[in-house]
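Enquirer: This is data_15.cif, which holds mmCIF, C-alpha atoms:
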```cif
data_query
loop_
_atom_site.label_atom_id
_atom_site.label_comp_id
_atom_site.auth_asym_id
_atom_site.auth_seq_id
_atom_site.Cartn_x
_atom_site.Cartn_y
_atom_site.Cartn_z
CA MET A 44 33.37 22.06 -20.79
CA ILE A 45 29.57 22.28 -20.28
CA ARG A 46 27.75 24.26 -22.95
CA ASP A 47 24.13 25.44 -23.12
CA HIS A 48 23.39 23.85 -19.77
CA SER A 49 23.39 25.08 -16.19
CA PRO A 50 23.46 22.09 -13.85
CA GLU A 51 21.82 22.70 -10.50
CA CYS A 52 23.41 21.62 -7.25
CA PRO A 53 21.58 18.53 -5.85
CA ALA A 54 21.88 19.94 -2.32
CA CYS A 55 20.31 23.23 -3.45
CA ILE A 56 17.49 21.34 -5.13
CA GLN A 57 16.68 19.50 -1.91
CA ILE A 58 16.83 22.73 0.08
CA ARG A 59 14.38 24.33 -2.34
CA ARG A 60 12.02 21.37 -2.16
CA ALA A 61 12.17 21.23 1.63
CA ALA A 62 11.43 24.95 1.79
CA ALA A 63 8.42 24.54 -0.50
CA ALA A 64 7.10 21.75 1.72
CA SER A 65 7.60 23.89 4.79
CA ARG A 66 5.46 26.66 3.30
CA ILE A 67 2.43 24.35 3.24
CA GLY A 68 3.15 22.88 6.67
CA ALA A 69 4.74 19.70 5.37
CA ILE A 70 8.14 18.10 5.94
CA LEU A 71 10.29 16.52 3.25
CA ILE A 72 11.38 13.18 4.66
CA GLY A 73 13.41 11.96 1.70
CA SER A 74 13.46 10.91 -1.92
CA ASP A 75 11.26 8.20 -3.37
CA PRO A 76 13.67 5.33 -4.14
CA ASP A 77 11.53 4.22 -7.09
CA HIS A 78 11.12 7.53 -8.92
CA ARG A 79 13.40 10.52 -8.99
CA HIS A 80 10.55 12.98 -9.53
CA TYR A 81 8.79 11.94 -6.31
CA GLY A 82 9.53 12.50 -2.66
CA VAL A 83 8.15 11.27 0.66
CA PHE A 84 6.49 13.96 2.77
CA ARG A 85 4.81 14.25 6.14
CA LEU A 86 1.82 16.54 5.63
CA ALA A 87 0.51 18.98 8.20
CA CYS A 88 -2.18 16.43 9.19
CA GLY A 89 0.57 13.94 10.15
CA HIS A 90 0.02 11.49 7.30
CA ILE A 91 3.03 10.38 5.26
CA VAL A 92 2.46 10.52 1.50
CA ARG A 93 4.30 10.15 -1.78
CA ARG A 94 4.11 13.27 -3.95
CA GLN A 95 5.67 14.75 -7.04
CA TYR A 96 8.11 17.51 -6.11
CA TYR A 97 6.51 19.62 -8.80
CA ARG A 98 3.09 19.41 -7.14
CA ILE A 99 4.47 20.36 -3.73
CA GLU A 100 6.20 23.40 -5.21
CA ARG A 101 3.04 24.37 -7.08
CA ALA A 102 1.02 24.05 -3.89
CA ALA A 103 3.54 26.23 -2.06
CA ASP A 104 3.07 28.87 -4.76
CA GLY A 105 -0.72 28.60 -4.49
CA GLY A 106 -1.15 26.90 -7.84
CA CYS A 107 -2.88 23.76 -6.57
CA SER A 108 -3.89 21.90 -3.43
CA ALA A 109 -1.73 19.37 -1.61
CA GLY A 110 -4.69 17.69 0.06
CA CYS A 111 -4.33 14.40 1.87
CA GLU A 112 -6.15 11.41 0.36
CA LEU A 113 -6.25 9.63 3.72
CA CYS A 114 -7.89 12.61 5.39
CA ARG A 115 -10.33 12.89 2.50
CA GLU A 116 -11.39 9.25 2.84
CA GLU A 117 -11.76 9.72 6.61
CA ARG A 118 -14.09 12.64 5.93
CA TYR A 119 -16.09 10.52 3.52
CA GLU A 120 -16.34 7.80 6.17
CA ALA A 121 -17.55 10.26 8.83
CA ILE A 122 -20.17 11.66 6.44
CA ALA A 123 -21.35 8.17 5.53
CA ARG A 124 -21.74 7.17 9.19
CA GLY A 125 -23.94 10.20 9.68
CA HIS A 126 -26.33 8.78 7.08
CA ASP A 127 -26.27 5.17 8.37
CA TRP A 128 -23.71 3.97 5.82
CA ARG A 129 -20.10 2.77 6.02
CA LEU A 130 -17.40 3.61 3.50
CA ILE A 131 -15.93 0.41 2.06
CA GLY A 132 -13.53 1.63 -0.61
CA PRO A 133 -13.26 2.38 -4.34
CA PRO A 134 -16.44 1.87 -6.40
CA LYS A 135 -16.99 -1.53 -7.95
CA SER A 136 -18.12 0.27 -11.10
CA GLY A 137 -14.88 2.26 -11.34
CA ARG A 138 -16.86 5.49 -11.85
CA THR A 139 -15.09 8.73 -11.01
CA GLY A 140 -16.53 10.54 -8.00
CA TYR A 141 -18.11 7.40 -6.55
CA ARG A 142 -17.28 5.14 -3.61
CA SER A 143 -18.53 1.77 -2.44
CA TYR A 144 -20.63 2.01 0.73
CA ARG A 145 -22.40 -0.58 2.91
CA HIS A 146 -25.79 0.29 4.36
CA SER A 147 -26.74 -0.68 7.91
CA CYS A 148 -28.96 -3.40 6.43
CA GLY A 149 -25.84 -5.00 4.90
CA HIS A 150 -26.42 -3.97 1.28
CA LEU A 151 -23.33 -2.88 -0.68
CA GLN A 152 -23.85 -0.04 -3.17
CA ASP A 153 -21.87 2.47 -5.24
CA VAL A 154 -22.90 6.06 -4.41
CA SER A 155 -21.52 9.39 -5.58
CA VAL A 156 -19.64 11.20 -2.83
CA GLY A 157 -21.70 14.30 -3.62
CA ASN A 158 -25.00 12.53 -3.01
CA MET A 159 -23.66 10.96 0.18
CA ARG A 160 -22.53 14.36 1.41
CA TRP A 161 -26.11 15.65 1.28
CA GLY A 162 -27.72 12.39 2.33
CA ASP A 163 -29.39 12.18 -1.07
CA VAL A 164 -29.12 8.40 -1.28
CA ASP A 165 -31.56 5.53 -0.94
CA CYS A 166 -30.62 1.93 -0.22
CA ALA A 167 -31.44 -0.24 -3.22
CA ALA A 168 -32.23 -3.16 -0.89
CA CYS A 169 -34.38 -1.71 1.90
CA GLY A 170 -35.28 1.79 0.72
CA GLU A 171 -38.61 2.99 -0.60
CA SER A 172 -37.67 5.21 -3.55
CA TRP A 173 -37.43 4.30 -7.24
CA THR A 174 -33.86 3.09 -6.72
CA SER A 175 -35.05 0.19 -4.57
CA LYS A 176 -38.20 -0.70 -6.54
CA PRO A 177 -38.27 -3.14 -9.49
CA SER A 178 -37.45 -1.65 -12.88
CA GLN A 179 -36.98 -2.66 -16.49
CA LEU A 180 -34.51 -2.03 -19.26
CA TYR A 181 -36.25 -1.40 -22.55
CA LEU A 182 -35.60 -1.11 -26.26
CA PHE A 183 -38.00 1.17 -28.16
CA ARG A 184 -38.49 1.64 -31.88
CA VAL A 185 -39.77 5.04 -33.00
CA ASP A 186 -40.67 5.42 -36.69
CA LEU A 187 -39.63 8.99 -37.34
CA ASP A 188 -39.68 10.53 -40.79
CA PRO A 189 -37.59 9.76 -42.82
CA SER A 190 -36.18 6.81 -40.84
CA ALA A 191 -36.87 4.83 -37.70
CA VAL A 192 -34.61 5.07 -34.64
CA LEU A 193 -34.04 3.04 -31.48
CA LYS A 194 -33.94 4.09 -27.84
CA LEU A 195 -32.35 2.07 -25.06
CA GLY A 196 -33.16 3.04 -21.48
CA TYR A 197 -34.80 2.01 -18.22
CA SER A 198 -38.11 2.67 -16.49
CA SER A 199 -40.40 1.08 -13.94
CA ASP A 200 -43.18 1.53 -16.53
CA PRO A 201 -41.79 1.33 -20.09
CA ALA A 202 -45.21 1.73 -21.73
CA ARG A 203 -45.85 4.99 -19.88
CA ARG A 204 -42.31 6.12 -20.65
CA LEU A 205 -42.88 5.54 -24.36
CA ARG A 206 -46.37 7.02 -24.62
CA GLN A 207 -46.20 9.97 -22.22
CA GLN A 208 -42.69 10.96 -21.17
CA LEU A 209 -40.63 11.17 -24.36
CA GLY A 210 -42.64 13.88 -26.10
CA ILE A 211 -43.22 11.69 -29.18
CA ALA A 212 -46.09 12.90 -31.37
CA ARG A 213 -49.22 10.77 -31.00
CA ASP A 214 -49.35 10.01 -34.71
CA THR A 215 -45.75 8.74 -34.76
CA PRO A 216 -45.67 4.92 -34.83
CA SER A 217 -43.67 3.52 -31.91
CA ARG A 218 -43.44 0.24 -30.04
CA ILE A 219 -41.58 -1.68 -27.35
CA LEU A 220 -39.24 -4.21 -28.92
CA ARG A 221 -37.75 -5.78 -25.78
CA THR A 222 -37.75 -5.42 -22.01
CA VAL A 223 -35.60 -7.00 -19.31
CA SER A 224 -36.74 -6.95 -15.69
CA VAL A 225 -34.18 -6.02 -13.03
CA PRO A 226 -34.67 -6.14 -9.24
CA THR A 227 -34.11 -2.44 -8.52
CA GLY A 228 -33.89 0.95 -10.17
CA HIS A 229 -30.35 1.24 -8.87
CA GLU A 230 -29.31 -1.88 -10.75
CA ALA A 231 -31.18 -0.68 -13.83
CA VAL A 232 -29.11 2.52 -13.87
CA ILE A 233 -25.86 0.56 -13.60
CA ARG A 234 -26.84 -1.88 -16.35
CA GLU A 235 -28.07 0.87 -18.66
CA LYS A 236 -24.92 2.97 -18.26
CA ALA A 237 -22.77 -0.09 -18.94
CA ALA A 238 -24.70 -0.79 -22.15
CA HIS A 239 -24.34 2.80 -23.39
CA ALA A 240 -20.64 2.77 -22.51
CA TYR A 241 -20.26 -0.44 -24.54
CA MET A 242 -21.91 1.20 -27.53
CA ARG A 243 -19.73 4.31 -27.26
CA ARG A 244 -16.62 2.17 -27.09
CA HIS A 245 -17.40 -0.46 -29.73
CA HIS A 246 -20.10 1.01 -32.00
CA PRO A 247 -19.93 4.83 -31.93
CA GLU A 248 -21.14 4.93 -35.53
CA MET A 249 -24.53 3.63 -34.33
CA ILE A 250 -25.15 6.58 -32.01
CA LEU A 251 -27.36 9.33 -33.40
CA PRO A 252 -26.67 12.94 -32.41
CA LYS A 253 -29.51 15.16 -31.20
CA SER A 254 -29.35 17.13 -34.45
CA VAL A 255 -30.72 14.11 -36.37
CA TYR A 256 -34.00 13.69 -34.45
CA GLY A 257 -34.26 17.15 -32.89
CA ASP A 258 -37.38 17.74 -30.80
CA ALA A 259 -39.14 14.63 -32.07
CA ILE A 260 -37.89 12.79 -28.96
CA ASN A 261 -37.48 14.53 -25.63
CA THR A 262 -33.99 13.30 -24.85
CA ARG A 263 -30.46 14.30 -25.81
CA THR A 264 -28.85 10.87 -25.79
CA GLU A 265 -29.52 7.12 -25.90
CA ILE A 266 -30.82 7.16 -29.48
CA TYR A 267 -29.38 4.71 -32.02
CA ARG A 268 -29.65 3.88 -35.71
CA LEU A 269 -32.07 1.13 -36.65
CA ALA A 270 -29.10 -0.99 -37.77
CA ALA A 271 -28.04 -1.24 -34.13
CA GLU A 272 -31.02 -3.44 -33.22
CA PRO A 273 -29.18 -6.81 -33.29
CA ILE A 274 -26.37 -5.39 -31.13
CA LEU A 275 -28.74 -3.85 -28.60
CA ARG A 276 -30.82 -7.02 -28.41
CA ARG A 277 -27.66 -9.02 -27.74
CA LEU A 278 -26.70 -6.63 -24.94
CA LEU A 279 -30.13 -7.04 -23.36
CA ASP A 280 -29.82 -10.81 -23.69
CA CYS A 281 -26.50 -10.64 -21.84
CA ILE A 282 -28.06 -8.51 -19.11
CA ALA A 283 -31.02 -10.88 -18.80
CA ALA A 284 -28.64 -13.84 -18.47
CA ASP A 285 -26.40 -11.85 -16.09
CA LEU A 286 -23.47 -12.19 -18.47
CA PRO A 287 -20.68 -9.63 -19.03
CA LEU A 288 -21.04 -7.28 -21.99
CA SER A 289 -18.24 -8.86 -24.00
CA SER A 290 -16.34 -7.29 -26.88
CA PRO A 291 -17.75 -7.80 -30.38
#
```
Could I get this file's structure written as structure tokens?
Expert:
Amino acid sequence: MIRDHSPECPACIQIRRAAAASRIGAILIGSDPDHRHYGVFRLACGHIVRRQYYRIERAADGGCSAGCELCREERYEAIARGHDWRLIGPPKSGRTGYRSYRHSCGHLQDVSVGNMRWGDVDCAACGESWTSKPSQLYLFRVDLDPSAVLKLGYSSDPARRLRQQLGIARDTPSRILRTVSVPTGHEAVIREKAAHAYMRRHHPEMILPKSVYGDAINTRTEIYRLAAEPILRRLLDCIAADLPLSSP
């Protein structure tokens, strides 16, 4: 005798799932042989996809979208062509919301799909904006009261960045500890983000919150304890030598 359980008829389950698919213009083709919670569906666009039954039923109830990834990538490709780029595939950086595109000049570059949608993108090889011009990664020391801090960032003109753009009081001692030249602003952004990601992952205790330095520096992030200097210098050395940012 079965207690505290109401088994559902497998045929009824399939009928329910097929009906849910039908409500969003899809057709249930069959079960996924590798996972009982997934089925194979032909969407209204004609593409065949693998989907969780739960998501199809939620979409049929209006709880989420059952969009087609293939159609989405085709849209991205059409948009890119309109701006003289070609969609290549997933981003080399692995960043969410980005894709790898190839410009008509042959240069390969990761670009956010949002920027590509609006044409707000400049080729780092042949363009004329800051992304294509030479840049530098820098390490600054700022002697705040009561303790000094470090800033890691990038700029085409580190000295101007330090003296004019960070809002540091003129009587506050500060200096450039290290710079590394990189061919383009685009590459500088990638290298800088990778360095900050490394610090968040391996040395979060070295990161100073905004509450520590307040308005003394006109930035909300990228500020580190003075004790982080050897680590940050090593990261810049790796970048200069074009080496991976290895684990500590």
Enquirer: Taking the file above as input, evaluate the PyMOL selection byres ((chain A and resi 167) around 9) and report the hits as a PDB file with C-alpha atoms, in the coordinates of the input.
Expert:
```
ATOM      1  CA  HIS A 150     -26.420  -3.970   1.280  1.00  0.00           C
ATOM      2  CA  LEU A 151     -23.330  -2.880  -0.680  1.00  0.00           C
ATOM      3  CA  GLN A 152     -23.850  -0.040  -3.170  1.00  0.00           C
ATOM      4  CA  ASP A 165     -31.560   5.530  -0.940  1.00  0.00           C
ATOM      5  CA  CYS A 166     -30.620   1.930  -0.220  1.00  0.00           C
ATOM      6  CA  ALA A 168     -32.230  -3.160  -0.890  1.00  0.00           C
ATOM      7  CA  CYS A 169     -34.380  -1.710   1.900  1.00  0.00           C
ATOM      8  CA  GLY A 170     -35.280   1.790   0.720  1.00  0.00           C
ATOM      9  CA  GLU A 171     -38.610   2.990  -0.600  1.00  0.00           C
ATOM     10  CA  SER A 172     -37.670   5.210  -3.550  1.00  0.00           C
ATOM     11  CA  TRP A 173     -37.430   4.300  -7.240  1.00  0.00           C
ATOM     12  CA  THR A 174     -33.860   3.090  -6.720  1.00  0.00           C
ATOM     13  CA  SER A 175     -35.050   0.190  -4.570  1.00  0.00           C
ATOM     14  CA  LYS A 176     -38.200  -0.700  -6.540  1.00  0.00           C
ATOM     15  CA  THR A 227     -34.110  -2.440  -8.520  1.00  0.00           C
ATOM     16  CA  GLY A 228     -33.890   0.950 -10.170  1.00  0.00           C
ATOM     17  CA  HIS A 229     -30.350   1.240  -8.870  1.00  0.00           C
ATOM     18  CA  GLU A 230     -29.310  -1.880 -10.750  1.00  0.00           C
TER      19      GLU A 230
END
```
Enquirer: For the provided coordinates, the residues matched by the PyMOL selection byres ((chain A and resi 74) around 12) should be stated as a list in words.
Expert: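 Given this file, the PyMOL selection byres ((chain A and resi 74) around 12) evaluates to Pro53, Ile56, Gln57, Arg60, Ala61, Ile70, Leu71, Ile72, Gly73, Asp75, Pro76, Asp77, His78, Arg79, His80, Tyr81, Gly82, Val83, Phe84, Val92, Arg93, Arg94, Gln95 and Tyr96 of chain A.
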Enquirer: So, with all atoms listed in the file as the atoms that count, which of A:Ala191, A:Met249, A:Ala123, A:Ala240 lies closest to Leu288 in chain A?
Expert: A:Ala240
Enquirer: Just checking: using all atoms listed in the file, which residue out of A:Arg204, A:His146, A:Arg98, A:Arg115 ends up closest to Trp128 in chain A?
Expert: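 Comparing A:Arg204, A:His146, A:Arg98, A:Arg115 against Trp128 in chain A, the winner is A:His146.
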Enquirer: Please enumerate the residues selected by the PyMOL selection byres ((chain A and resi 116) around 12) when evaluated against the supplied file, formatted as a PyMOL selection string.
Expert: chain A and resi 110-115+117-123+129-133+141-144+156
Enquirer: What does the distance from CA of His245 in chain A to CA of Ile274 in chain A come to in Å, to one decimal?
Expert: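 Calculated distance between CA of His245 in chain A and CA of Ile274 in chain A is 10.3 Å.
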Enquirer: For range 196-198 of chain A, list every protein, DNA or RNA residue within 8 Å, evaluated using all atoms listed in the file, and leave out those in the same chain fewer than 6 positions away; present the list as a ChimeraX atom specification.
Expert: /A:178-182,204,228,231-232,235,265
Enquirer: Counting all atoms listed in the file, select every polymer residue within 12 Å of (-46.8, 2.8, -20.3) as defined in the file's coordinates, and provide the selection as a PyMOL selection string.
Expert: chain A and resi 179+181+183+198-209+218-219
Enquirer: Would you export the selected residues with C-alpha atoms as a PDB file, in the coordinates of the input, please?
Expert:
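Saved the output as out_1.pdb:
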```
ATOM      1  CA  GLN A 179     -36.980  -2.660 -16.490  1.00  0.00           C
ATOM      2  CA  TYR A 181     -36.250  -1.400 -22.550  1.00  0.00           C
ATOM      3  CA  PHE A 183     -38.000   1.170 -28.160  1.00  0.00           C
ATOM      4  CA  SER A 198     -38.110   2.670 -16.490  1.00  0.00           C
ATOM      5  CA  SER A 199     -40.400   1.080 -13.940  1.00  0.00           C
ATOM      6  CA  ASP A 200     -43.180   1.530 -16.530  1.00  0.00           C
ATOM      7  CA  PRO A 201     -41.790   1.330 -20.090  1.00  0.00           C
ATOM      8  CA  ALA A 202     -45.210   1.730 -21.730  1.00  0.00           C
ATOM      9  CA  ARG A 203     -45.850   4.990 -19.880  1.00  0.00           C
ATOM     10  CA  ARG A 204     -42.310   6.120 -20.650  1.00  0.00           C
ATOM     11  CA  LEU A 205     -42.880   5.540 -24.360  1.00  0.00           C
ATOM     12  CA  ARG A 206     -46.370   7.020 -24.620  1.00  0.00           C
ATOM     13  CA  GLN A 207     -46.200   9.970 -22.220  1.00  0.00           C
ATOM     14  CA  GLN A 208     -42.690  10.960 -21.170  1.00  0.00           C
ATOM     15  CA  LEU A 209     -40.630  11.170 -24.360  1.00  0.00           C
ATOM     16  CA  ARG A 218     -43.440   0.240 -30.040  1.00  0.00           C
ATOM     17  CA  ILE A 219     -41.580  -1.680 -27.350  1.00  0.00           C
TER      18      ILE A 219
END
```
Enquirer: Expressed in Å to a single decimal, how great is the separation between CA of Tyr267 in chain A and CA of Asp285 in chain A?
Expert: 23.2 Å
Enquirer: Between CA of Gly210 in chain A and CA of Arg276 in chain A, what is the spacing in Å?
Expert: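 Separation of CA of Arg276 in chain A and CA of Gly210 in chain A: 24.1 Å.
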Enquirer: Just need the box for range 232-247 of chain A, edges along x, y and z, holding every atom the file lists for it with 4 Å tacked onto each side, so centre and edge lengths in Å to one decimal, as JSON.
Expert:
```
{"center_x": -22.9, "center_y": 1.5, "center_z": -22.8, "size_x": 20.5, "size_y": 14.7, "size_z": 26.4}
```
Enquirer: Could you give me, as a CSV table (one decimal) with C-alpha atoms, in the coordinates of the input, the residues within 9 Å of Ala212 in chain A, counting all atoms listed in the file and dropping anything in the same chain fewer than 4 positions from it?
Expert:
```
chain,number,residue,atom,x,y,z
A,206,ARG,CA,-46.4,7.0,-24.6
A,216,PRO,CA,-45.7,4.9,-34.8
A,259,ALA,CA,-39.1,14.6,-32.1
A,260,ILE,CA,-37.9,12.8,-29.0
```
Enquirer: Identify which of the residues A:Val164, A:Arg101, A:Cys148, A:Val192 lies closest to Lys253 in chain A, counting all atoms listed in the file when measuring atom-to-atom distances.
Expert: A:Val192
Enquirer: Can I get a file of range 72-101 of chain A from the given structure, N, CA and C atoms kept, as a PDB file, in the first residue's frame?
Expert:
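Result saved to out_8.pdb:
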```pdb
ATOM      1  N   ILE A  72       9.325  17.105 -28.414  1.00  0.00           N
ATOM      2  CA  ILE A  72       9.743  16.014 -29.301  1.00  0.00           C
ATOM      3  C   ILE A  72       9.946  14.727 -28.521  1.00  0.00           C
ATOM      4  N   GLY A  73      10.532  14.826 -27.346  1.00  0.00           N
ATOM      5  CA  GLY A  73      10.768  13.629 -26.541  1.00  0.00           C
ATOM      6  C   GLY A  73      11.580  13.955 -25.315  1.00  0.00           C
ATOM      7  N   SER A  74      11.903  12.929 -24.555  1.00  0.00           N
ATOM      8  CA  SER A  74      12.680  13.093 -23.334  1.00  0.00           C
ATOM      9  C   SER A  74      14.168  13.133 -23.643  1.00  0.00           C
ATOM     10  N   ASP A  75      14.909  13.846 -22.794  1.00  0.00           N
ATOM     11  CA  ASP A  75      16.358  13.851 -22.906  1.00  0.00           C
ATOM     12  C   ASP A  75      16.859  12.523 -22.335  1.00  0.00           C
ATOM     13  N   PRO A  76      17.575  11.722 -23.123  1.00  0.00           N
ATOM     14  CA  PRO A  76      18.014  10.418 -22.622  1.00  0.00           C
ATOM     15  C   PRO A  76      19.041  10.501 -21.501  1.00  0.00           C
ATOM     16  N   ASP A  77      19.656  11.683 -21.336  1.00  0.00           N
ATOM     17  CA  ASP A  77      20.718  11.822 -20.344  1.00  0.00           C
ATOM     18  C   ASP A  77      20.248  12.437 -19.025  1.00  0.00           C
ATOM     19  N   HIS A  78      19.040  12.994 -19.008  1.00  0.00           N
ATOM     20  CA  HIS A  78      18.575  13.641 -17.774  1.00  0.00           C
ATOM     21  C   HIS A  78      17.052  13.648 -17.759  1.00  0.00           C
ATOM     22  N   ARG A  79      16.493  13.077 -16.705  1.00  0.00           N
ATOM     23  CA  ARG A  79      15.047  12.911 -16.661  1.00  0.00           C
ATOM     24  C   ARG A  79      14.291  14.221 -16.482  1.00  0.00           C
ATOM     25  N   HIS A  80      14.978  15.262 -16.046  1.00  0.00           N
ATOM     26  CA  HIS A  80      14.305  16.550 -15.850  1.00  0.00           C
ATOM     27  C   HIS A  80      14.326  17.430 -17.106  1.00  0.00           C
ATOM     28  N   TYR A  81      14.910  16.915 -18.178  1.00  0.00           N
ATOM     29  CA  TYR A  81      15.031  17.698 -19.413  1.00  0.00           C
ATOM     30  C   TYR A  81      14.289  17.007 -20.557  1.00  0.00           C
ATOM     31  N   GLY A  82      13.819  17.839 -21.475  1.00  0.00           N
ATOM     32  CA  GLY A  82      13.196  17.316 -22.677  1.00  0.00           C
ATOM     33  C   GLY A  82      13.783  17.992 -23.905  1.00  0.00           C
ATOM     34  N   VAL A  83      13.459  17.460 -25.070  1.00  0.00           N
ATOM     35  CA  VAL A  83      13.900  18.033 -26.342  1.00  0.00           C
ATOM     36  C   VAL A  83      12.685  18.684 -26.991  1.00  0.00           C
ATOM     37  N   PHE A  84      12.813  19.958 -27.344  1.00  0.00           N
ATOM     38  CA  PHE A  84      11.692  20.730 -27.866  1.00  0.00           C
ATOM     39  C   PHE A  84      12.058  21.405 -29.185  1.00  0.00           C
ATOM     40  N   ARG A  85      11.050  21.545 -30.048  1.00  0.00           N
ATOM     41  CA  ARG A  85      11.197  22.399 -31.220  1.00  0.00           C
ATOM     42  C   ARG A  85      10.477  23.701 -30.892  1.00  0.00           C
ATOM     43  N   LEU A  86      11.238  24.798 -30.826  1.00  0.00           N
ATOM     44  CA  LEU A  86      10.652  26.084 -30.495  1.00  0.00           C
ATOM     45  C   LEU A  86       9.901  26.672 -31.685  1.00  0.00           C
ATOM     46  N   ALA A  87       9.183  27.735 -31.425  1.00  0.00           N
ATOM     47  CA  ALA A  87       8.382  28.361 -32.483  1.00  0.00           C
ATOM     48  C   ALA A  87       9.254  28.845 -33.644  1.00  0.00           C
ATOM     49  N   CYS A  88      10.519  29.177 -33.363  1.00  0.00           N
ATOM     50  CA  CYS A  88      11.432  29.651 -34.403  1.00  0.00           C
ATOM     51  C   CYS A  88      11.914  28.514 -35.297  1.00  0.00           C
ATOM     52  N   GLY A  89      11.685  27.257 -34.868  1.00  0.00           N
ATOM     53  CA  GLY A  89      12.128  26.097 -35.645  1.00  0.00           C
ATOM     54  C   GLY A  89      13.363  25.422 -35.101  1.00  0.00           C
ATOM     55  N   HIS A  90      14.074  26.077 -34.185  1.00  0.00           N
ATOM     56  CA  HIS A  90      15.282  25.479 -33.617  1.00  0.00           C
ATOM     57  C   HIS A  90      14.923  24.414 -32.582  1.00  0.00           C
ATOM     58  N   ILE A  91      15.718  23.360 -32.558  1.00  0.00           N
ATOM     59  CA  ILE A  91      15.535  22.274 -31.591  1.00  0.00           C
ATOM     60  C   ILE A  91      16.485  22.500 -30.425  1.00  0.00           C
ATOM     61  N   VAL A  92      15.936  22.510 -29.210  1.00  0.00           N
ATOM     62  CA  VAL A  92      16.726  22.815 -28.016  1.00  0.00           C
ATOM     63  C   VAL A  92      16.450  21.805 -26.913  1.00  0.00           C
ATOM     64  N   ARG A  93      17.332  21.788 -25.954  1.00  0.00           N
ATOM     65  CA  ARG A  93      17.192  20.977 -24.751  1.00  0.00           C
ATOM     66  C   ARG A  93      16.807  21.915 -23.611  1.00  0.00           C
ATOM     67  N   ARG A  94      15.694  21.616 -22.935  1.00  0.00           N
ATOM     68  CA  ARG A  94      15.209  22.508 -21.887  1.00  0.00           C
ATOM     69  C   ARG A  94      14.701  21.702 -20.691  1.00  0.00           C
ATOM     70  N   GLN A  95      14.800  22.311 -19.526  1.00  0.00           N
ATOM     71  CA  GLN A  95      14.158  21.732 -18.353  1.00  0.00           C
ATOM     72  C   GLN A  95      12.639  21.820 -18.532  1.00  0.00           C
ATOM     73  N   TYR A  96      11.948  20.739 -18.176  1.00  0.00           N
ATOM     74  CA  TYR A  96      10.485  20.767 -18.239  1.00  0.00           C
ATOM     75  C   TYR A  96       9.937  21.899 -17.371  1.00  0.00           C
ATOM     76  N   TYR A  97      10.564  22.088 -16.237  1.00  0.00           N
ATOM     77  CA  TYR A  97      10.113  23.120 -15.305  1.00  0.00           C
ATOM     78  C   TYR A  97      10.125  24.501 -15.959  1.00  0.00           C
ATOM     79  N   ARG A  98      11.180  24.796 -16.732  1.00  0.00           N
ATOM     80  CA  ARG A  98      11.278  26.111 -17.361  1.00  0.00           C
ATOM     81  C   ARG A  98      10.225  26.294 -18.450  1.00  0.00           C
ATOM     82  N   ILE A  99       9.940  25.229 -19.177  1.00  0.00           N
ATOM     83  CA  ILE A  99       8.908  25.317 -20.215  1.00  0.00           C
ATOM     84  C   ILE A  99       7.550  25.580 -19.570  1.00  0.00           C
ATOM     85  N   GLU A 100       7.270  24.895 -18.478  1.00  0.00           N
ATOM     86  CA  GLU A 100       5.981  25.094 -17.805  1.00  0.00           C
ATOM     87  C   GLU A 100       5.898  26.485 -17.192  1.00  0.00           C
ATOM     88  N   ARG A 101       7.006  26.978 -16.668  1.00  0.00           N
ATOM     89  CA  ARG A 101       7.023  28.348 -16.133  1.00  0.00           C
ATOM     90  C   ARG A 101       6.796  29.361 -17.247  1.00  0.00           C
TER      91      ARG A 101
END
```
